[in-house]
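Coordinates from input.pdb are shown below (PDB, C-alpha atoms).
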MODEL        1
ATOM      1  CA  MET G   1       2.068  24.301  -5.073  1.00  0.00           C
ATOM      2  CA  GLY G   2       0.252  23.654  -8.325  1.00  0.00           C
ATOM      3  CA  LEU G   3      -2.071  20.822  -9.276  1.00  0.00           C
ATOM      4  CA  ILE G   4       0.623  18.903 -11.164  1.00  0.00           C
ATOM      5  CA  ASP G   5       3.053  19.195  -8.245  1.00  0.00           C
ATOM      6  CA  ARG G   6       0.459  17.834  -5.829  1.00  0.00           C
ATOM      7  CA  ARG G   7      -0.440  14.921  -8.078  1.00  0.00           C
ATOM      8  CA  VAL G   8       3.206  14.035  -8.658  1.00  0.00           C
ATOM      9  CA  GLY G   9       3.809  14.214  -4.920  1.00  0.00           C
ATOM     10  CA  ARG G  10       0.948  11.792  -4.254  1.00  0.00           C
ATOM     11  CA  ALA G  11       2.209   9.451  -6.981  1.00  0.00           C
ATOM     12  CA  VAL G  12       5.694   9.416  -5.491  1.00  0.00           C
ATOM     13  CA  GLU G  13       4.298   8.781  -2.007  1.00  0.00           C
ATOM     14  CA  ALA G  14       2.289   5.826  -3.332  1.00  0.00           C
ATOM     15  CA  TRP G  15       5.353   4.471  -5.133  1.00  0.00           C
ATOM     16  CA  LEU G  16       7.518   4.839  -2.026  1.00  0.00           C
ATOM     17  CA  GLU G  17       4.985   2.853  -0.033  1.00  0.00           C
ATOM     18  CA  TRP G  18       4.861   0.184  -2.731  1.00  0.00           C
ATOM     19  CA  VAL G  19       8.633  -0.095  -3.187  1.00  0.00           C
ATOM     20  CA  SER G  20       9.134  -0.559   0.554  1.00  0.00           C
ATOM     21  CA  ARG G  21       7.265  -3.880   0.174  1.00  0.00           C
ATOM     22  CA  TRP G  22       8.782  -4.856  -3.170  1.00  0.00           C
ATOM     23  CA  GLU G  23      10.371  -8.263  -3.586  1.00  0.00           C
ATOM     24  CA  PRO G  24      12.036  -9.473  -6.786  1.00  0.00           C
ATOM     25  CA  ALA G  25      10.051 -11.993  -8.754  1.00  0.00           C
ATOM     26  CA  ALA G  26      11.654 -15.134 -10.102  1.00  0.00           C
ATOM     27  CA  TYR G  27      13.855 -14.187 -13.042  1.00  0.00           C
ATOM     28  CA  ARG G  28      12.452 -14.926 -16.480  1.00  0.00           C
ATOM     29  CA  GLY G  29      13.956 -13.485 -19.605  1.00  0.00           C
ATOM     30  CA  ARG G  30      11.672 -11.599 -21.965  1.00  0.00           C
ATOM     31  CA  SER G  31      12.233 -10.867 -25.624  1.00  0.00           C
ATOM     32  CA  ARG G  32       9.662  -8.052 -25.711  1.00  0.00           C
ATOM     33  CA  ILE G  33      10.682  -4.618 -24.507  1.00  0.00           C
ATOM     34  CA  CYS G  34       8.423  -2.362 -22.473  1.00  0.00           C
ATOM     35  CA  ARG G  35       7.170   0.414 -24.712  1.00  0.00           C
ATOM     36  CA  ARG G  36       6.134   2.514 -21.741  1.00  0.00           C
ATOM     37  CA  CYS G  37       9.506   2.535 -20.010  1.00  0.00           C
ATOM     38  CA  THR G  38      11.937   2.402 -22.936  1.00  0.00           C
ATOM     39  CA  GLY G  39      13.240   5.926 -23.475  1.00  0.00           C
ATOM     40  CA  SER G  40      10.799   7.413 -20.967  1.00  0.00           C
ATOM     41  CA  PRO G  41      11.831  10.904 -19.778  1.00  0.00           C
ATOM     42  CA  VAL G  42      10.198  10.029 -16.453  1.00  0.00           C
ATOM     43  CA  LEU G  43      13.083   7.686 -15.668  1.00  0.00           C
ATOM     44  CA  ILE G  44      15.627  10.406 -16.403  1.00  0.00           C
ATOM     45  CA  ALA G  45      13.763  12.966 -14.308  1.00  0.00           C
ATOM     46  CA  SER G  46      13.366  10.550 -11.406  1.00  0.00           C
ATOM     47  CA  GLY G  47      17.048   9.691 -11.214  1.00  0.00           C
ATOM     48  CA  ILE G  48      16.370   5.957 -11.059  1.00  0.00           C
ATOM     49  CA  PRO G  49      19.609   4.124 -11.983  1.00  0.00           C
ATOM     50  CA  ALA G  50      19.588   2.296 -15.301  1.00  0.00           C
ATOM     51  CA  GLY G  51      20.261  -1.061 -13.663  1.00  0.00           C
ATOM     52  CA  THR G  52      17.191  -0.907 -11.432  1.00  0.00           C
ATOM     53  CA  PRO G  53      14.805  -3.845 -11.998  1.00  0.00           C
ATOM     54  CA  HIS G  54      12.173  -3.088 -14.590  1.00  0.00           C
ATOM     55  CA  GLN G  55       9.230  -3.726 -12.287  1.00  0.00           C
ATOM     56  CA  VAL G  56      10.437  -0.992  -9.926  1.00  0.00           C
ATOM     57  CA  LYS G  57      10.876   1.490 -12.761  1.00  0.00           C
ATOM     58  CA  HIS G  58       7.590   0.548 -14.409  1.00  0.00           C
ATOM     59  CA  ALA G  59       5.653   1.102 -11.177  1.00  0.00           C
ATOM     60  CA  LEU G  60       6.765   4.726 -11.060  1.00  0.00           C
ATOM     61  CA  VAL G  61       6.461   5.418 -14.789  1.00  0.00           C
ATOM     62  CA  SER G  62       2.889   4.090 -14.846  1.00  0.00           C
ATOM     63  CA  ARG G  63       1.829   6.197 -11.860  1.00  0.00           C
ATOM     64  CA  VAL G  64       3.242   9.317 -13.485  1.00  0.00           C
ATOM     65  CA  GLN G  65       1.766   8.453 -16.885  1.00  0.00           C
ATOM     66  CA  ARG G  66      -1.696   8.256 -15.318  1.00  0.00           C
ATOM     67  CA  ILE G  67      -1.296  11.896 -14.263  1.00  0.00           C
ATOM     68  CA  VAL G  68      -0.563  12.950 -17.838  1.00  0.00           C
ATOM     69  CA  ASP G  69      -3.425  10.843 -19.215  1.00  0.00           C
ATOM     70  CA  LYS G  70      -5.910  12.327 -16.743  1.00  0.00           C
ATOM     71  CA  VAL G  71      -4.990  15.926 -17.524  1.00  0.00           C
ATOM     72  CA  VAL G  72      -5.120  15.315 -21.277  1.00  0.00           C
ATOM     73  CA  ASP G  73      -8.456  13.495 -20.986  1.00  0.00           C
ATOM     74  CA  ASP G  74      -9.953  16.419 -19.047  1.00  0.00           C
ATOM     75  CA  TYR G  75      -8.562  18.917 -21.566  1.00  0.00           C
ATOM     76  CA  THR G  76      -9.944  16.887 -24.472  1.00  0.00           C
ATOM     77  CA  GLU G  77     -13.394  16.665 -22.919  1.00  0.00           C
ATOM     78  CA  GLU G  78     -13.526  20.408 -22.263  1.00  0.00           C
ATOM     79  CA  HIS G  79     -11.848  21.875 -25.339  1.00  0.00           C
ATOM     80  CA  LEU G  80     -11.726  19.272 -28.139  1.00  0.00           C
ATOM     81  CA  PRO G  81     -15.325  18.192 -28.862  1.00  0.00           C
ATOM     82  CA  MET G  82     -14.729  16.227 -32.058  1.00  0.00           C
ATOM     83  CA  LEU G  83     -11.790  14.234 -30.696  1.00  0.00           C
ATOM     84  CA  HIS G  84     -13.695  13.602 -27.477  1.00  0.00           C
ATOM     85  CA  ALA G  85     -16.665  12.285 -29.451  1.00  0.00           C
ATOM     86  CA  GLU G  86     -14.426   9.973 -31.466  1.00  0.00           C
ATOM     87  CA  LEU G  87     -12.739   8.587 -28.357  1.00  0.00           C
ATOM     88  CA  ARG G  88     -16.039   8.238 -26.500  1.00  0.00           C
ATOM     89  CA  GLY G  89     -17.501   6.305 -29.402  1.00  0.00           C
ATOM     90  CA  ALA G  90     -14.564   3.896 -29.378  1.00  0.00           C
ATOM     91  CA  ASP G  91     -14.892   3.420 -25.605  1.00  0.00           C
ATOM     92  CA  MET G  92     -18.622   2.735 -25.845  1.00  0.00           C
ATOM     93  CA  TRP G  93     -18.008   0.042 -28.457  1.00  0.00           C
ATOM     94  CA  ARG G  94     -15.629  -1.745 -26.083  1.00  0.00           C
ATOM     95  CA  VAL G  95     -18.142  -1.743 -23.212  1.00  0.00           C
ATOM     96  CA  GLY G  96     -19.333  -5.258 -22.493  1.00  0.00           C
ATOM     97  CA  GLY G  97     -16.180  -6.937 -23.764  1.00  0.00           C
ATOM     98  CA  TYR G  98     -13.439  -8.506 -21.683  1.00  0.00           C
ATOM     99  CA  ASP G  99     -10.351  -6.409 -21.071  1.00  0.00           C
ATOM    100  CA  PRO G 100      -7.641  -8.336 -19.170  1.00  0.00           C
ATOM    101  CA  ALA G 101      -5.762  -5.096 -18.475  1.00  0.00           C
ATOM    102  CA  ALA G 102      -8.716  -3.251 -16.919  1.00  0.00           C
ATOM    103  CA  GLY G 103      -8.407  -2.320 -13.271  1.00  0.00           C
ATOM    104  CA  LEU G 104      -4.800  -3.397 -12.855  1.00  0.00           C
ATOM    105  CA  ASP G 105      -2.571  -1.749 -10.275  1.00  0.00           C
ATOM    106  CA  PRO G 106      -0.158   0.849 -11.701  1.00  0.00           C
ATOM    107  CA  GLU G 107       2.837  -1.499 -11.518  1.00  0.00           C
ATOM    108  CA  TYR G 108       1.110  -3.780 -14.060  1.00  0.00           C
ATOM    109  CA  ASP G 109      -0.441  -1.036 -16.170  1.00  0.00           C
ATOM    110  CA  GLY G 110       0.688  -1.177 -19.785  1.00  0.00           C
ATOM    111  CA  LEU G 111       2.310  -4.608 -19.521  1.00  0.00           C
ATOM    112  CA  ASP G 112       1.382  -7.564 -21.696  1.00  0.00           C
ATOM    113  CA  PRO G 113      -0.974  -9.672 -19.523  1.00  0.00           C
ATOM    114  CA  ASP G 114       0.131 -12.877 -21.254  1.00  0.00           C
ATOM    115  CA  PRO G 115       3.498 -14.476 -20.401  1.00  0.00           C
ATOM    116  CA  GLU G 116       5.760 -15.665 -23.151  1.00  0.00           C
ATOM    117  CA  PRO G 117       5.875 -19.426 -23.775  1.00  0.00           C
ATOM    118  CA  THR G 118       8.613 -21.091 -21.776  1.00  0.00           C
ATOM    119  CA  GLU G 119       9.645 -23.114 -24.808  1.00  0.00           C
ATOM    120  CA  ALA G 120       9.842 -21.982 -28.417  1.00  0.00           C
ATOM    121  CA  GLY G 121       7.136 -23.495 -30.570  1.00  0.00           C
ATOM    122  CA  GLN G 122       5.066 -24.504 -27.536  1.00  0.00           C
ATOM    123  CA  PRO G 123       2.266 -21.920 -27.308  1.00  0.00           C
ATOM    124  CA  PHE G 124      -0.274 -21.857 -24.492  1.00  0.00           C
ATOM    125  CA  LEU G 125      -3.659 -23.502 -25.012  1.00  0.00           C
ATOM    126  CA  PHE G 126      -5.292 -20.101 -24.528  1.00  0.00           C
ATOM    127  CA  THR G 127      -4.235 -16.545 -23.735  1.00  0.00           C
ATOM    128  CA  LEU G 128      -5.986 -13.627 -22.075  1.00  0.00           C
ATOM    129  CA  ALA G 129      -5.679 -11.650 -25.292  1.00  0.00           C
ATOM    130  CA  GLY G 130      -7.343 -14.508 -27.157  1.00  0.00           C
ATOM    131  CA  LEU G 131     -10.190 -14.661 -24.662  1.00  0.00           C
ATOM    132  CA  ALA G 132     -10.694 -10.908 -24.979  1.00  0.00           C
ATOM    133  CA  ALA G 133     -10.936 -11.218 -28.768  1.00  0.00           C
ATOM    134  CA  GLU G 134     -13.511 -14.011 -28.509  1.00  0.00           C
ATOM    135  CA  VAL G 135     -15.911 -12.010 -26.332  1.00  0.00           C
ATOM    136  CA  GLN G 136     -15.406  -8.673 -28.074  1.00  0.00           C
ATOM    137  CA  PRO G 137     -18.814  -7.166 -28.863  1.00  0.00           C
ATOM    138  CA  GLU G 138     -19.804  -6.724 -32.461  1.00  0.00           C
ATOM    139  CA  GLU G 139     -18.474  -3.579 -34.024  1.00  0.00           C
ATOM    140  CA  PRO G 140     -21.228  -1.007 -34.542  1.00  0.00           C
ATOM    141  CA  LEU G 141     -22.362   0.041 -37.978  1.00  0.00           C
ATOM    142  CA  PRO G 142     -19.984   2.564 -39.530  1.00  0.00           C
ATOM    143  CA  ARG G 143     -20.912   6.185 -39.124  1.00  0.00           C
ATOM    144  CA  PRO G 144     -21.197   8.513 -42.112  1.00  0.00           C
ATOM    145  CA  PRO G 145     -17.768   9.537 -43.403  1.00  0.00           C
ATOM    146  CA  LEU G 146     -16.370  12.820 -42.129  1.00  0.00           C
ATOM    147  CA  SER G 147     -16.394  15.808 -44.410  1.00  0.00           C
ATOM    148  CA  ALA G 148     -13.140  17.465 -45.448  1.00  0.00           C
ATOM    149  CA  GLU G 149     -13.747  20.214 -42.898  1.00  0.00           C
ATOM    150  CA  GLU G 150     -14.436  17.692 -40.122  1.00  0.00           C
ATOM    151  CA  LYS G 151     -11.285  15.735 -40.972  1.00  0.00           C
ATOM    152  CA  GLN G 152      -9.255  18.918 -40.836  1.00  0.00           C
ATOM    153  CA  GLN G 153     -10.772  19.843 -37.465  1.00  0.00           C
ATOM    154  CA  LEU G 154     -10.105  16.360 -36.094  1.00  0.00           C
ATOM    155  CA  ARG G 155      -6.469  16.507 -37.201  1.00  0.00           C
ATOM    156  CA  ARG G 156      -6.110  19.898 -35.568  1.00  0.00           C
ATOM    157  CA  GLU G 157      -7.644  18.661 -32.312  1.00  0.00           C
ATOM    158  CA  ILE G 158      -5.295  15.663 -32.303  1.00  0.00           C
ATOM    159  CA  GLU G 159      -2.360  18.055 -32.680  1.00  0.00           C
ATOM    160  CA  LEU G 160      -3.645  20.151 -29.779  1.00  0.00           C
ATOM    161  CA  ALA G 161      -4.038  17.058 -27.621  1.00  0.00           C
ATOM    162  CA  ASP G 162      -0.478  16.009 -28.449  1.00  0.00           C
ATOM    163  CA  LEU G 163       0.814  19.481 -27.570  1.00  0.00           C
ATOM    164  CA  ARG G 164      -1.075  19.412 -24.286  1.00  0.00           C
ATOM    165  CA  ALA G 165       0.366  15.976 -23.484  1.00  0.00           C
ATOM    166  CA  ALA G 166       3.898  17.234 -24.205  1.00  0.00           C
ATOM    167  CA  ASP G 167       3.414  20.304 -21.990  1.00  0.00           C
ATOM    168  CA  VAL G 168       2.012  18.248 -19.121  1.00  0.00           C
ATOM    169  CA  GLY G 169       4.791  15.705 -19.546  1.00  0.00           C
ATOM    170  CA  ASN G 170       7.381  18.452 -19.140  1.00  0.00           C
ATOM    171  CA  GLU G 171       5.610  19.798 -16.040  1.00  0.00           C
ATOM    172  CA  VAL G 172       5.465  16.331 -14.542  1.00  0.00           C
ATOM    173  CA  CYS G 173       9.153  15.698 -15.153  1.00  0.00           C
ATOM    174  CA  PHE G 174      10.172  19.021 -13.592  1.00  0.00           C
ATOM    175  CA  ALA G 175       8.011  18.254 -10.567  1.00  0.00           C
ATOM    176  CA  LEU G 176       9.464  14.760 -10.341  1.00  0.00           C
ATOM    177  CA  MET G 177      13.021  16.082 -10.234  1.00  0.00           C
ATOM    178  CA  GLY G 178      12.263  17.602  -6.841  1.00  0.00           C
ATOM    179  CA  HIS G 179      11.657  14.115  -5.470  1.00  0.00           C
ATOM    180  CA  ARG G 180      14.942  12.628  -6.719  1.00  0.00           C
ATOM    181  CA  PRO G 181      16.637  12.373  -3.298  1.00  0.00           C
ATOM    182  CA  ARG G 182      13.730  10.392  -1.838  1.00  0.00           C
ATOM    183  CA  ILE G 183      13.480   8.133  -4.887  1.00  0.00           C
ATOM    184  CA  GLU G 184      17.226   7.433  -4.929  1.00  0.00           C
ATOM    185  CA  ALA G 185      17.225   6.788  -1.174  1.00  0.00           C
ATOM    186  CA  ALA G 186      14.365   4.287  -1.541  1.00  0.00           C
ATOM    187  CA  ILE G 187      16.205   2.447  -4.317  1.00  0.00           C
ATOM    188  CA  GLU G 188      19.339   2.242  -2.170  1.00  0.00           C
ATOM    189  CA  ARG G 189      17.441   1.096   0.918  1.00  0.00           C
ATOM    190  CA  PHE G 190      14.848  -1.323  -0.415  1.00  0.00           C
ATOM    191  CA  VAL G 191      15.955  -2.428  -3.899  1.00  0.00           C
ATOM    192  CA  GLU G 192      19.740  -2.549  -4.059  1.00  0.00           C
ATOM    193  CA  PRO G 193      20.175  -4.956  -1.110  1.00  0.00           C
ATOM    194  CA  GLN G 194      17.804  -7.450  -2.708  1.00  0.00           C
ATOM    195  CA  VAL G 195      19.515  -7.131  -6.092  1.00  0.00           C
ATOM    196  CA  ARG G 196      22.927  -7.678  -4.495  1.00  0.00           C
ATOM    197  CA  ALA G 197      21.599 -10.708  -2.641  1.00  0.00           C
ATOM    198  CA  MET G 198      20.295 -12.190  -5.903  1.00  0.00           C
ATOM    199  CA  LEU G 199      23.647 -11.609  -7.616  1.00  0.00           C
ATOM    200  CA  ASP G 200      25.511 -13.170  -4.702  1.00  0.00           C
ATOM    201  CA  GLU G 201      23.253 -16.210  -4.802  1.00  0.00           C
ATOM    202  CA  LEU G 202      23.752 -16.498  -8.556  1.00  0.00           C
ATOM    203  CA  SER G 203      27.526 -16.286  -8.117  1.00  0.00           C
ATOM    204  CA  ARG G 204      27.513 -19.048  -5.530  1.00  0.00           C
ATOM    205  CA  ASN G 205      25.480 -21.298  -7.798  1.00  0.00           C
ATOM    206  CA  LEU G 206      27.885 -20.722 -10.670  1.00  0.00           C
ATOM    207  CA  GLU G 207      31.008 -21.504  -8.676  1.00  0.00           C
ATOM    208  CA  PRO G 208      32.456 -24.957  -9.430  1.00  0.00           C
ATOM    209  CA  PRO G 209      32.331 -27.439  -6.548  1.00  0.00           C
ATOM    210  CA  ALA G 210      35.420 -27.540  -4.380  1.00  0.00           C
TER     211      ALA G 210
ENDMDL
END
Just give me the structure as structure tokens.
Amino acid sequence: MGLIDRRVGRAVEAWLEWVSRWEPAAYRGRSRICRRCTGSPVLIASGIPAGTPHQVKHALVSRVQRIVDKVVDDYTEEHLPMLHAELRGADMWRVGGYDPAAGLDPEYDGLDPDPEPTEAGQPFLFTLAGLAAEVQPEEPLPRPPLSAEEKQQLRREIELADLRAADVGNEVCFALMGHRPRIEAAIERFVEPQVRAMLDELSRNLEPPA
């Protein structure tokens, strides 16, 4: 078993443990779509039904995405020096600021930390994103502009990083397909009964009084 297979296996095990304790949150409509989950090949490879609650899908997609990110980060550090230097410089500038998304569990990774206002035209007094902007450290002085050769090298390294991410993504999806039966069984056992119960409760509340 290769490295990717082992990491995917651990991610699935962690998700299975999490989903066994999952409970649906109170329903609240959202106008924003999740960029991480929308159109994700991870969902196709996993076999998760389309009607599965987003939080359940997002928890798996985020765990798998962290595998891809880690492999690409390691590859960039080892083989793409200019891109690594650019990314490291951006990370160092952010040190000392407030990041409301830092350290979140995978099921919240990539989600907007701020809820949408419950009423149109009634914004919150403050938001986490606003607080983060207020305490953002001052941007460092600009570095000397890159030469034409350096720009060309940076573009090439970005292309290589993208190719590596695509290759790892394919490996991850193939590995994930081997876990489909367990994922589908967990959805049927832990998620579907709660969804059906919510729909039944909603139906009862919508029925006219006798």
Original post:
If the PyMOL selection byres ((chain G and resi 55) around 10) is run on the structure shown, which residues does it catch, given as number ranges by chain?
Top reply: G: 19, 22-25, 37, 52-54, 56-61, 107-108
Original post:
Rounded to one decimal in Å, what is the spacing between atom CA of Ala14 of chain G and atom CA of Leu104 of chain G?
Top reply: 15.0 Å
**OP:** Choose the residue, out of G:Glu188, G:Glu17, G:Glu77, G:Asp167, that has the smallest atom-to-atom separation from Ile48 of chain G; count all atoms listed in the file.
**Re:**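 Ranked by minimum distance to Ile48 of chain G, first place goes to G:Glu188.
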Subject >> Test item: residues at most 12 Å from Met198 of chain G, all atoms listed in the file, excluding those fewer than 2 positions along its chain, as a PyMOL selection string >> reply: chain G and resi 23-27+53+191-196+200-205
Subject >> One-decimal distance in Å that lies between atom CA of Asn170 of chain G and atom CA of Glu86 of chain G >> reply: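 So the two atoms, atom CA of Glu86 of chain G and atom CA of Asn170 of chain G, lie 26.4 Å apart.
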Original post:
Which value, in Å to one decimal, gives the distance between atom CA of Ala11 of chain G and atom CA of Ile33 of chain G?
Top reply: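 Taking atom CA of Ala11 of chain G and atom CA of Ile33 of chain G, their separation equals 24.0 Å.
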**OP:** Expand the PyMOL selection byres ((chain G and resi 39-44) around 9) into the individual residues it matches in the shown file, reporting them as a list of chain:residue names.
**Re:**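 When the PyMOL selection byres ((chain G and resi 39-44) around 9) is applied, the selected residues are G:Arg35, G:Arg36, G:Cys37, G:Thr38, G:Ala45, G:Ser46, G:Gly47, G:Ile48, G:Pro49, G:Ala50, G:Lys57, G:Leu60, G:Val61, G:Val64, G:Gln65, G:Gly169, G:Asn170, G:Val172, G:Cys173, G:Leu176, G:Met177.
Minimum distance to Ala185 of chain G across G:Glu159, G:Arg6, G:Val68, G:Leu16 (counting all atoms listed in the file) occurs at G:Leu16.
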**OP:** In the coordinates of the file, take the point (-9.4, 14.4, -35.5) and a cut-off of 12 Å; then, counting all atoms listed in the file, name each qualifying protein, DNA or RNA residue as a list in words.
**Re:** Thr76, Leu80, Pro81, Met82, Leu83, His84, Ala85, Glu86, Leu87, Leu146, Ser147, Ala148, Glu149, Glu150, Lys151, Gln152, Gln153, Leu154, Arg155, Arg156, Glu157, Ile158, Glu159, Leu160, Ala161 and Asp162 of chain G
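The nearest approach to Tyr75 of chain G among the residues G:Ser20, G:Arg164, G:Asp5, G:Gly51, with all atoms listed in the file taken into account, belongs to G:Arg164.
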